[in-house]
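Structure data (PDB, C-alpha atoms) from input00.pdb:
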```
ATOM      1  CA  MET A 912       0.000   0.000   0.000
ATOM      2  CA  ALA A 913       1.230   3.489  -0.825
ATOM      3  CA  ALA A 914       2.064   5.754   2.111
ATOM      4  CA  GLY A 915       2.705   9.421   2.875
ATOM      5  CA  ASN A 916       3.980  11.631   5.673
ATOM      6  CA  ILE A 917       2.086  13.965   7.996
ATOM      7  CA  LYS A 918       3.284  16.732  10.295
ATOM      8  CA  ILE A 919       1.826  17.050  13.786
ATOM      9  CA  HIS A 920       1.873  20.249  15.869
ATOM     10  CA  ALA A 921       1.056  20.725  19.560
ATOM     11  CA  PHE A 922      -1.038  23.399  21.257
ATOM     12  CA  GLN A 923      -2.326  23.872  24.786
ATOM     13  CA  VAL A 924      -5.931  24.967  24.946
ATOM     14  CA  THR A 925      -7.234  27.702  27.216
ATOM     15  CA  ALA A 926     -10.943  28.472  27.441
ATOM     16  CA  ALA A 927     -12.515  31.853  28.156
ATOM     17  CA  GLU A 928     -14.708  32.259  31.210
ATOM     18  CA  ASN A 929     -18.168  30.654  30.872
ATOM     19  CA  SER A 930     -17.048  28.520  27.937
ATOM     20  CA  GLN A 931     -18.224  24.940  27.797
ATOM     21  CA  PRO A 932     -15.592  22.285  28.398
ATOM     22  CA  MET A 933     -14.327  21.294  24.965
ATOM     23  CA  GLU A 934     -15.163  17.648  25.644
ATOM     24  CA  SER A 935     -18.820  18.638  26.171
ATOM     25  CA  VAL A 936     -18.892  20.209  22.715
ATOM     26  CA  LEU A 937     -17.255  17.116  21.224
ATOM     27  CA  ALA A 938     -19.860  14.892  22.877
ATOM     28  CA  LYS A 939     -22.631  17.056  21.397
ATOM     29  CA  ILE A 940     -21.101  16.797  17.924
ATOM     30  CA  GLN A 941     -20.812  13.039  18.361
ATOM     31  CA  GLY A 942     -24.534  12.866  19.000
ATOM     32  CA  ASP A 943     -25.511  14.960  15.981
ATOM     33  CA  PRO A 944     -26.084  13.442  12.518
ATOM     34  CA  ILE A 945     -23.498  14.251   9.862
ATOM     35  CA  ASP A 946     -25.810  16.587   7.944
ATOM     36  CA  LYS A 947     -26.191  18.846  11.020
ATOM     37  CA  ARG A 948     -22.469  19.354  11.688
ATOM     38  CA  GLN A 949     -21.507  21.935   9.090
ATOM     39  CA  ARG A 950     -20.576  25.424  10.300
ATOM     40  CA  LEU A 951     -19.300  28.534   8.547
ATOM     41  CA  VAL A 952     -15.982  29.496  10.181
ATOM     42  CA  SER A 953     -13.904  32.399   8.868
ATOM     43  CA  GLN A 954     -15.792  32.261   5.549
ATOM     44  CA  ALA A 955     -15.141  28.534   5.087
ATOM     45  CA  ASP A 956     -17.527  25.582   5.305
ATOM     46  CA  ILE A 957     -16.206  23.267   8.008
ATOM     47  CA  ARG A 958     -17.609  19.938   9.181
ATOM     48  CA  MET A 959     -16.459  17.320  11.652
ATOM     49  CA  ASP A 960     -16.830  14.012   9.836
ATOM     50  CA  ASP A 961     -15.790  11.804  12.735
ATOM     51  CA  VAL A 962     -15.301  12.115  16.489
ATOM     52  CA  VAL A 963     -14.521   9.336  18.974
ATOM     53  CA  SER A 964     -13.503   9.124  22.614
ATOM     54  CA  GLU A 965     -11.069   6.392  23.574
ATOM     55  CA  ASP A 966      -8.508   5.842  26.343
ATOM     56  CA  GLY A 967      -9.132   9.272  27.858
ATOM     57  CA  VAL A 968      -8.584  11.301  24.672
ATOM     58  CA  TRP A 969     -10.775  12.539  21.836
ATOM     59  CA  LEU A 970      -9.927  11.915  18.180
ATOM     60  CA  MET A 971     -11.616  13.982  15.514
ATOM     61  CA  ASP A 972     -11.496  14.485  11.749
ATOM     62  CA  PHE A 973     -12.319  17.919  10.305
ATOM     63  CA  VAL A 974     -13.202  18.566   6.672
ATOM     64  CA  LEU A 975     -12.920  21.837   4.783
ATOM     65  CA  GLU A 976     -15.398  21.757   1.905
ATOM     66  CA  ARG A 977     -14.451  23.226  -1.478
ATOM     67  CA  PHE A 978     -16.734  23.864  -4.434
ATOM     68  CA  GLU A 979     -13.827  23.972  -6.893
ATOM     69  CA  GLY A 980     -11.163  21.302  -6.972
ATOM     70  CA  PRO A 981      -8.434  19.596  -8.979
ATOM     71  CA  GLY A 982      -8.757  17.549 -12.152
ATOM     72  CA  ARG A 983      -7.890  13.903 -12.786
ATOM     73  CA  VAL A 984      -4.563  13.444 -14.590
ATOM     74  CA  THR A 985      -3.680  10.372 -16.654
ATOM     75  CA  PRO A 986      -0.428   9.754 -18.591
ATOM     76  CA  SER A 987      -2.035   9.434 -22.002
ATOM     77  CA  ALA A 988      -4.864  11.993 -21.879
ATOM     78  CA  VAL A 989      -5.529  15.599 -21.009
ATOM     79  CA  THR A 990      -6.712  16.434 -17.494
ATOM     80  CA  GLN A 991     -10.338  15.384 -16.975
ATOM     81  CA  ASP A 992     -13.179  15.976 -14.542
ATOM     82  CA  PHE A 993     -14.062  13.703 -11.660
ATOM     83  CA  ASN A 994     -17.528  12.179 -11.849
ATOM     84  CA  MET A 995     -19.204  14.487  -9.311
ATOM     85  CA  GLY A 996     -22.840  14.517  -8.235
ATOM     86  CA  LYS A 997     -24.860  17.755  -8.189
ATOM     87  CA  ASP A 998     -24.454  18.216  -4.432
ATOM     88  CA  ASP A 999     -20.921  16.795  -4.148
ATOM     89  CA  ARG A1000     -17.926  18.905  -3.145
ATOM     90  CA  PHE A1001     -14.236  18.395  -2.644
ATOM     91  CA  GLY A1002     -13.022  17.953   0.937
ATOM     92  CA  GLU A1003      -9.684  18.498   2.692
ATOM     93  CA  GLU A1004      -9.402  16.248   5.762
ATOM     94  CA  THR A1005      -7.416  17.138   8.884
ATOM     95  CA  ALA A1006      -7.284  15.056  12.077
ATOM     96  CA  ALA A1007      -6.687  16.131  15.669
ATOM     97  CA  LEU A1008      -6.373  14.682  19.185
ATOM     98  CA  TYR A1009      -7.469  16.367  22.412
ATOM     99  CA  ASP A1010      -6.617  15.370  25.986
ATOM    100  CA  PRO A1011      -9.130  16.999  28.381
ATOM    101  CA  LYS A1012      -7.043  16.368  31.514
ATOM    102  CA  SER A1013      -3.968  18.279  30.345
ATOM    103  CA  GLY A1014      -5.562  20.555  27.755
ATOM    104  CA  TYR A1015      -3.081  19.528  25.068
ATOM    105  CA  PHE A1016      -4.347  19.516  21.502
ATOM    106  CA  LEU A1017      -2.415  17.796  18.715
ATOM    107  CA  CYS A1018      -3.322  18.457  15.111
ATOM    108  CA  GLN A1019      -2.244  17.232  11.726
ATOM    109  CA  TYR A1020      -0.891  20.077   9.626
ATOM    110  CA  ASN A1021      -2.639  20.344   6.268
ATOM    111  CA  HIS A1022      -1.809  23.554   4.399
ATOM    112  CA  ARG A1023      -4.952  23.268   2.260
ATOM    113  CA  GLY A1024      -7.185  21.935   5.018
ATOM    114  CA  VAL A1025      -8.581  23.017   8.377
ATOM    115  CA  LYS A1026      -5.833  24.756  10.349
ATOM    116  CA  SER A1027      -5.740  25.091  14.118
ATOM    117  CA  GLY A1028      -7.481  28.474  14.268
ATOM    118  CA  ARG A1029     -10.502  27.230  12.350
ATOM    119  CA  MET A1030     -10.592  24.072  14.462
ATOM    120  CA  PHE A1031     -10.864  26.133  17.642
ATOM    121  CA  GLY A1032     -13.345  28.473  15.954
ATOM    122  CA  TYR A1033     -15.533  25.557  14.843
ATOM    123  CA  LEU A1034     -15.600  24.063  18.343
ATOM    124  CA  ALA A1035     -16.271  27.455  19.946
ATOM    125  CA  GLU A1036     -19.161  28.290  17.627
ATOM    126  CA  TYR A1037     -20.662  24.830  17.210
ATOM    127  CA  ASP A1038     -23.276  25.053  19.972
ATOM    128  CA  ARG A1039     -25.271  28.070  18.878
ATOM    129  CA  GLY A1040     -27.093  28.144  22.197
ATOM    130  CA  HIS A1041     -23.912  28.413  24.273
ATOM    131  CA  ALA A1042     -21.068  30.277  22.582
ATOM    132  CA  SER A1043     -17.578  29.511  23.851
ATOM    133  CA  SER A1044     -14.059  30.754  23.147
ATOM    134  CA  TYR A1045     -10.968  28.573  22.917
ATOM    135  CA  GLU A1046      -7.386  29.550  22.208
ATOM    136  CA  GLY A1047      -4.510  27.271  21.322
ATOM    137  CA  ASN A1048      -1.136  28.331  22.668
ATOM    138  CA  LEU A1049       1.834  27.156  20.619
ATOM    139  CA  VAL A1050       3.895  24.615  22.593
ATOM    140  CA  LEU A1051       7.667  24.972  22.521
ATOM    141  CA  ASP A1052      10.086  22.096  22.316
ATOM    142  CA  PRO A1053      11.111  21.424  25.972
ATOM    143  CA  LYS A1054      14.774  22.310  25.289
ATOM    144  CA  ALA A1055      13.782  25.644  23.752
ATOM    145  CA  LYS A1056      11.336  26.285  26.601
ATOM    146  CA  ALA A1057      14.031  25.645  29.212
ATOM    147  CA  LYS A1058      16.499  27.842  27.316
ATOM    148  CA  LEU A1059      13.941  30.672  27.111
ATOM    149  CA  ALA A1060      13.341  30.422  30.865
ATOM    150  CA  ARG A1061      17.089  30.762  31.512
ATOM    151  CA  MET A1062      17.632  33.659  29.117
ATOM    152  CA  THR A1063      15.902  36.264  31.266
ATOM    153  CA  LEU A1064      17.862  39.227  29.867
ATOM    154  CA  ALA A1065      16.062  40.050  26.628
ATOM    155  CA  ARG A1066      17.990  42.148  24.094
ATOM    156  CA  ARG A1067      15.946  41.887  20.913
ATOM    157  CA  LEU A1068      12.722  40.513  19.454
ATOM    158  CA  LEU A1069      12.146  39.981  15.732
ATOM    159  CA  VAL A1070       8.545  39.519  14.591
ATOM    160  CA  GLY A1071       7.403  38.866  11.036
ATOM    161  CA  ILE A1072       3.692  39.420  10.357
ATOM    162  CA  ASP A1073       1.569  38.739   7.280
ATOM    163  CA  PRO A1074      -1.310  41.226   7.825
ATOM    164  CA  GLY A1075      -3.708  39.565   5.404
ATOM    165  CA  ALA A1076      -3.839  36.481   7.637
ATOM    166  CA  LEU A1077      -4.725  38.430  10.794
ATOM    167  CA  SER A1078      -8.211  38.086  12.243
ATOM    168  CA  LYS A1079     -10.090  41.029  13.754
ATOM    169  CA  LYS A1080      -9.178  39.753  17.214
ATOM    170  CA  ASP A1081      -5.521  39.515  16.208
ATOM    171  CA  ARG A1082      -5.481  43.120  14.994
ATOM    172  CA  GLN A1083      -6.719  44.310  18.385
ATOM    173  CA  ALA A1084      -4.298  42.151  20.369
ATOM    174  CA  ASN A1085      -1.304  44.475  20.832
ATOM    175  CA  LEU A1086       0.781  47.305  19.411
ATOM    176  CA  ALA A1087       2.680  45.136  16.926
ATOM    177  CA  MET A1088      -0.544  43.790  15.442
ATOM    178  CA  SER A1089      -2.076  47.286  15.270
ATOM    179  CA  PHE A1090       1.017  48.552  13.470
ATOM    180  CA  ALA A1091       0.866  45.653  10.984
ATOM    181  CA  ALA A1092      -2.804  46.291  10.249
ATOM    182  CA  ASP A1093      -2.121  50.019   9.754
ATOM    183  CA  ALA A1094       0.853  49.315   7.448
ATOM    184  CA  GLU A1095      -1.270  46.947   5.385
ATOM    185  CA  SER A1096      -3.866  49.610   4.633
ATOM    186  CA  ARG A1097      -1.432  52.524   4.406
ATOM    187  CA  PHE A1098       1.236  50.940   2.198
ATOM    188  CA  ASP A1099      -0.589  47.948   0.673
ATOM    189  CA  ALA A1100       1.991  45.759   2.452
ATOM    190  CA  ASN A1101       1.613  41.975   2.683
ATOM    191  CA  HIS A1102       4.571  41.344   4.995
ATOM    192  CA  ILE A1103       5.770  43.405   7.965
ATOM    193  CA  GLU A1104       8.818  42.844  10.152
ATOM    194  CA  VAL A1105       9.082  44.527  13.536
ATOM    195  CA  THR A1106      12.287  44.623  15.600
ATOM    196  CA  VAL A1107      12.158  45.590  19.271
ATOM    197  CA  ALA A1108      15.658  46.033  20.710
ATOM    198  CA  VAL A1109      17.953  47.874  23.120
ATOM    199  CA  ARG A1110      21.338  49.369  22.331
ATOM    200  CA  GLY A1111      24.166  50.063  24.697
ATOM    201  CA  GLY A1112      26.237  48.138  27.200
ATOM    202  CA  PRO A1113      25.877  44.485  28.224
ATOM    203  CA  SER A1114      23.590  45.375  31.145
ATOM    204  CA  GLU A1115      20.960  46.983  28.895
ATOM    205  CA  ARG A1116      17.830  44.875  28.438
ATOM    206  CA  LEU A1117      14.190  45.004  27.436
ATOM    207  CA  GLN A1118      11.595  45.113  30.197
ATOM    208  CA  ARG A1119      10.782  41.523  31.142
ATOM    209  CA  ASN A1120       7.009  41.757  31.702
ATOM    210  CA  PRO A1121       6.118  43.444  28.369
ATOM    211  CA  VAL A1122       8.367  40.962  26.533
ATOM    212  CA  THR A1123       6.657  38.021  28.228
ATOM    213  CA  GLN A1124       3.208  39.454  27.459
ATOM    214  CA  LEU A1125       4.076  40.074  23.799
ATOM    215  CA  LEU A1126       5.478  36.562  23.324
ATOM    216  CA  SER A1127       2.401  35.056  24.975
ATOM    217  CA  SER A1128       0.091  37.108  22.734
ATOM    218  CA  LEU A1129       1.973  36.162  19.564
ATOM    219  CA  ARG A1130       1.953  32.464  20.464
ATOM    220  CA  LYS A1131      -1.817  32.655  20.899
ATOM    221  CA  ILE A1132      -2.161  34.380  17.536
ATOM    222  CA  THR A1133      -0.156  31.540  15.988
ATOM    223  CA  GLY A1134      -2.819  29.167  17.309
ATOM    224  CA  ARG A1135      -5.715  31.288  15.970
ATOM    225  CA  SER A1136      -4.136  32.309  12.667
ATOM    226  CA  PRO A1137      -1.260  29.957  11.789
ATOM    227  CA  ASP A1138      -0.180  31.963   8.723
ATOM    228  CA  ALA A1139      -0.217  35.373  10.425
ATOM    229  CA  VAL A1140       3.091  35.185  12.317
ATOM    230  CA  SER A1141       5.803  34.133   9.879
ATOM    231  CA  LYS A1142       8.793  34.916  12.093
ATOM    232  CA  LEU A1143       9.217  35.043  15.862
ATOM    233  CA  LYS A1144      12.761  35.168  17.221
ATOM    234  CA  TYR A1145      14.017  36.029  20.708
ATOM    235  CA  TYR A1146      17.559  37.176  21.396
ATOM    236  CA  GLY A1147      18.757  37.215  24.979
ATOM    237  CA  LYS A1148      21.284  35.996  27.504
ATOM    238  CA  GLU A1149      21.453  34.443  30.946
ATOM    239  CA  SER A1150      23.715  37.056  32.584
ATOM    240  CA  ASP A1151      25.290  40.452  31.875
ATOM    241  CA  ASP A1152      28.595  38.856  30.897
ATOM    242  CA  GLY A1153      27.009  36.019  28.901
ATOM    243  CA  GLY A1154      26.745  35.770  25.129
ATOM    244  CA  ILE A1155      23.568  36.662  23.224
ATOM    245  CA  GLU A1156      21.747  33.599  21.889
ATOM    246  CA  GLU A1157      18.827  33.177  19.506
ATOM    247  CA  ILE A1158      15.662  31.147  20.032
ATOM    248  CA  ASP A1159      13.432  30.613  17.002
ATOM    249  CA  LEU A1160      10.032  30.318  18.660
ATOM    250  CA  LEU A1161       8.368  29.032  15.482
ATOM    251  CA  GLY A1162      11.147  26.777  14.250
ATOM    252  CA  GLN A1163      11.624  25.269  17.722
ATOM    253  CA  ARG A1164       7.961  24.565  18.377
ATOM    254  CA  LEU A1165       6.992  21.036  19.413
ATOM    255  CA  LYS A1166       6.354  19.160  16.176
ATOM    256  CA  MET A1167       6.939  15.781  14.590
ATOM    257  CA  THR A1168       6.790  14.304  11.095
ATOM    258  CA  VAL A1169       5.295  10.810  10.970
ATOM    259  CA  PRO A1170       6.185   8.666   7.926
ATOM    260  CA  ASN A1171       4.397   5.702   6.387
ATOM    261  CA  VAL A1172       0.814   6.871   6.885
ATOM    262  CA  PRO A1173      -1.257   4.616   4.560
ATOM    263  CA  ILE A1174      -2.845   6.049   1.427
ATOM    264  CA  GLY A1175      -6.126   4.328   0.520
ATOM    265  CA  GLN A1176      -7.525   3.336  -2.855
ATOM    266  CA  GLY A1177      -9.022   6.788  -3.346
ATOM    267  CA  ARG A1178      -5.528   8.350  -2.974
ATOM    268  CA  ARG A1179      -6.408   9.846   0.420
ATOM    269  CA  LEU A1180      -4.427   9.425   3.618
ATOM    270  CA  THR A1181      -6.632   7.032   5.588
ATOM    271  CA  ARG A1182      -8.388   8.286   8.703
ATOM    272  CA  GLU A1183      -7.240   5.310  10.752
ATOM    273  CA  GLY A1184      -3.666   5.912   9.604
ATOM    274  CA  ARG A1185      -3.833   9.562  10.662
ATOM    275  CA  TYR A1186      -5.452   8.644  14.001
ATOM    276  CA  LYS A1187      -2.749   6.033  14.579
ATOM    277  CA  ALA A1188      -0.067   8.668  13.931
ATOM    278  CA  LEU A1189      -1.681  11.072  16.427
ATOM    279  CA  ARG A1190      -1.949   8.348  19.090
ATOM    280  CA  ARG A1191       1.687   7.354  18.564
ATOM    281  CA  VAL A1192       2.966  10.938  18.831
ATOM    282  CA  TRP A1193       0.811  11.577  21.909
ATOM    283  CA  GLN A1194       2.345   8.568  23.676
ATOM    284  CA  GLU A1195       5.857   9.744  22.751
ATOM    285  CA  TRP A1196       5.196  13.302  23.904
ATOM    286  CA  LYS A1197       3.538  12.502  27.232
ATOM    287  CA  PRO A1198       6.847  12.063  29.119
ATOM    288  CA  ILE A1199       8.244  15.206  27.458
ATOM    289  CA  LEU A1200       5.177  17.173  28.580
ATOM    290  CA  ASN A1201       5.321  15.648  32.099
ATOM    291  CA  ILE A1202       1.979  13.851  31.748
TER     292      ILE A1202
END
```
Serialized structure, structure tokens:
Amino acid sequence: MAAGNIKIHAFQVTAAENSQPMESVLAKIQGDPIDKRQRLVSQADIRMDDVVSEDGVWLMDFVLERFEGPGRVTPSAVTQDFNMGKDDRFGEETAALYDPKSGYFLCQYNHRGVKSGRMFGYLAEYDRGHASSYEGNLVLDPKAKAKLARMTLARRLLVGIDPGALSKKDRQANLAMSFAADAESRFDANHIEVTVAVRGGPSERLQRNPVTQLLSSLRKITGRSPDAVSKLKYYGKESDDGGIEEIDLLGQRLKMTVPNVPIGQGRRLTREGRYKALRRVWQEWKPILNI
């Protein structure tokens, strides 16, 4: 059987006050028929095709529906249509795993499919009678997290922002986001880089609390709008006489590529194969995450 690779990213979910527990929403979806599960999220039709609870975690499979799609290519003929019914659409499938006890949320990365922000938006807006709000905070690789905790003397931050990918909530989040939104409209810019730094002697540093707040905000934005923050680098040191080191907070996020995920007869990565990959990564990450 043919096989492919999938990338898996980790987030930690936080819920706003008065939000339903995410597992309660998942249980509601599980009880609804498939034709009642579609929701419009960020101008895209999203549906959860499958949701199961097993061994203390929830596994789910999101689908982003598309009206237009690719053609069928054969070696000896021009590209042709698929045999589609009147109400049929194309679908991009993306699987995820949620552990209610720890709040960790693992998701398959599918550039054309449902990304993390729309997943959290779908779950938040699913129960129309009880709106909720969930945010996914990007999880750092433990080594990078420990290094960031040691490097308390911040010298410079480098943030790359793609304004077109920002949501309304993102634009209101902080000064950097407001500046990016203003630059987009003022200059027709589609990429902004912001550097926040101090000059001077080795004892000069950025204020710790604002730096921590900005990093926290940007990591949340990465969960809501994965394409919005294209660069996030921290430069700091452990002591006045120490050397300045770089931490790439996007490149050193907790992630894993899983090979040999089966491709079925319809040329799709199988759901069971993607679920198996998520379960495997979750078991490998539990000791790393102290679970």
Using only C-alpha atoms, determine which residues lie at most 10 Å from A:Lys1166, disregarding the query and same-chain residues fewer than 4 positions distant; provide the list as a VMD selection string. chain A and resid 918 to 922 1017 to 1020 1050 to 1052 1162 1192 1196
Test item: the PyMOL selection byres ((chain A and resi 924) around 10) resolved as a VMD selection string: chain A and resid 921 to 923 925 to 926 933 1009 to 1011 1013 to 1016 1031 1045 to 1049 1131 1134
Between A:Asn1101, A:Thr990, A:Thr1181, A:Gln931, which is the closest to A:Ser1044 once you count only C-alpha atoms? A:Gln931
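The protein and nucleic acid residues lying at most 6 Å from stretch 952-961 of chain A are Met971, Asp972, Phe973, Val974, Leu975 and Glu976 of chain A, with only C-alpha atoms considered and sequence neighbours fewer than 5 positions away removed.
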Polymer residues at most 9 Å from A:Val936, all atoms listed in the file, same-chain spacing of 3 or more positions, as a PyMOL selection string: chain A and resi 931-933+939-941+1034-1035+1037-1038
Test item: the PyMOL selection byres ((chain A and resi 1028) around 9) resolved as a PyMOL selection string: chain A and resi 1025-1027+1029-1033+1046-1047+1132-1137
Could you write out that same residue set with C-alpha atoms as a PDB file, in the frame of the given file?
```
ATOM      1  CA  VAL A1025      -8.581  23.017   8.377  1.00  0.00           C
ATOM      2  CA  LYS A1026      -5.833  24.756  10.349  1.00  0.00           C
ATOM      3  CA  SER A1027      -5.740  25.091  14.118  1.00  0.00           C
ATOM      4  CA  ARG A1029     -10.502  27.230  12.350  1.00  0.00           C
ATOM      5  CA  MET A1030     -10.592  24.072  14.462  1.00  0.00           C
ATOM      6  CA  PHE A1031     -10.864  26.133  17.642  1.00  0.00           C
ATOM      7  CA  GLY A1032     -13.345  28.473  15.954  1.00  0.00           C
ATOM      8  CA  TYR A1033     -15.533  25.557  14.843  1.00  0.00           C
ATOM      9  CA  GLU A1046      -7.386  29.550  22.208  1.00  0.00           C
ATOM     10  CA  GLY A1047      -4.510  27.271  21.322  1.00  0.00           C
ATOM     11  CA  ILE A1132      -2.161  34.380  17.536  1.00  0.00           C
ATOM     12  CA  THR A1133      -0.156  31.540  15.988  1.00  0.00           C
ATOM     13  CA  GLY A1134      -2.819  29.167  17.309  1.00  0.00           C
ATOM     14  CA  ARG A1135      -5.715  31.288  15.970  1.00  0.00           C
ATOM     15  CA  SER A1136      -4.136  32.309  12.667  1.00  0.00           C
ATOM     16  CA  PRO A1137      -1.260  29.957  11.789  1.00  0.00           C
TER      17      PRO A1137
END
```
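Residues with any atom within 9 Å of stretch 1116-1130 of chain A, counting all atoms listed in the file and excluding same-chain neighbours fewer than 6 positions away, are Gly1047, Asn1048, Leu1049, Val1050, Thr1063, Leu1064, Ala1065, Arg1066, Arg1067, Leu1068, Val1070, Asp1081, Ala1084, Asn1085, Ala1087, Val1107, Ala1108, Val1109, Arg1110, Val1140, Leu1143, Tyr1145, Gly1147, Leu1160 and Leu1161 of chain A.
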Keeping only C-alpha atoms, write those residues as a PDB file, in the frame of the given file.
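Result file again_33.pdb:
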```
ATOM      1  CA  GLY A1047      -4.510  27.271  21.322  1.00  0.00           C
ATOM      2  CA  ASN A1048      -1.136  28.331  22.668  1.00  0.00           C
ATOM      3  CA  LEU A1049       1.834  27.156  20.619  1.00  0.00           C
ATOM      4  CA  VAL A1050       3.895  24.615  22.593  1.00  0.00           C
ATOM      5  CA  THR A1063      15.902  36.264  31.266  1.00  0.00           C
ATOM      6  CA  LEU A1064      17.862  39.227  29.867  1.00  0.00           C
ATOM      7  CA  ALA A1065      16.062  40.050  26.628  1.00  0.00           C
ATOM      8  CA  ARG A1066      17.990  42.148  24.094  1.00  0.00           C
ATOM      9  CA  ARG A1067      15.946  41.887  20.913  1.00  0.00           C
ATOM     10  CA  LEU A1068      12.722  40.513  19.454  1.00  0.00           C
ATOM     11  CA  VAL A1070       8.545  39.519  14.591  1.00  0.00           C
ATOM     12  CA  ASP A1081      -5.521  39.515  16.208  1.00  0.00           C
ATOM     13  CA  ALA A1084      -4.298  42.151  20.369  1.00  0.00           C
ATOM     14  CA  ASN A1085      -1.304  44.475  20.832  1.00  0.00           C
ATOM     15  CA  ALA A1087       2.680  45.136  16.926  1.00  0.00           C
ATOM     16  CA  VAL A1107      12.158  45.590  19.271  1.00  0.00           C
ATOM     17  CA  ALA A1108      15.658  46.033  20.710  1.00  0.00           C
ATOM     18  CA  VAL A1109      17.953  47.874  23.120  1.00  0.00           C
ATOM     19  CA  ARG A1110      21.338  49.369  22.331  1.00  0.00           C
ATOM     20  CA  VAL A1140       3.091  35.185  12.317  1.00  0.00           C
ATOM     21  CA  LEU A1143       9.217  35.043  15.862  1.00  0.00           C
ATOM     22  CA  TYR A1145      14.017  36.029  20.708  1.00  0.00           C
ATOM     23  CA  GLY A1147      18.757  37.215  24.979  1.00  0.00           C
ATOM     24  CA  LEU A1160      10.032  30.318  18.660  1.00  0.00           C
ATOM     25  CA  LEU A1161       8.368  29.032  15.482  1.00  0.00           C
TER      26      LEU A1161
END
```
Residues selected by the PyMOL selection byres ((chain A and resi 968) around 8), written as a ChimeraX atom specification: /A:964-967,969-970,1008-1011
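When only C-alpha atoms are used to measure the gap to A:Val1105, the shortest distance among A:Val1172, A:Ile945, A:Leu937, A:Leu1069 belongs to A:Leu1069.
Note that the spacing between atom CA of A:Leu951 and atom CA of A:Ser930 amounts to 19.5 Å.
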Show me, as a PyMOL selection string, the residues that have an atom within 12 Å of A:Met995 when counting only C-alpha atoms, minus same-chain residues fewer than 3 positions from it. chain A and resi 978-983+991-992+998-1001
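Comparing the minimum interatomic distances between A:Gln1163 and each of A:Lys1187, A:Arg1179, A:Lys1142, A:Lys947, counting only C-alpha atoms, we find that A:Lys1142 sits nearest.
Taking atom CA of A:Asp1159 and atom CA of A:Lys1144 as the two end points, the separation is 4.6 Å.
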Please determine, counting only C-alpha atoms, which residue among A:Arg1023, A:Pro1074, A:Asp1138, A:Ala1006 has the shortest atom-to-atom distance to A:Arg977. A:Arg1023
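With only C-alpha atoms as the atoms that count, the minimum distance from A:Ile1103 to the choices A:Ile1202, A:Ile1072, A:Val963, A:Leu1165 is reached by A:Ile1072.
The residue that comes closest to A:Asn929, out of A:Ala1007, A:Ala1042, A:Ile917, A:Ala1055 and on the basis of only C-alpha atoms, is A:Ala1042.
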note - atom CA of A:Asp943 and atom CA of A:His1041 are separated by 15.9 Å
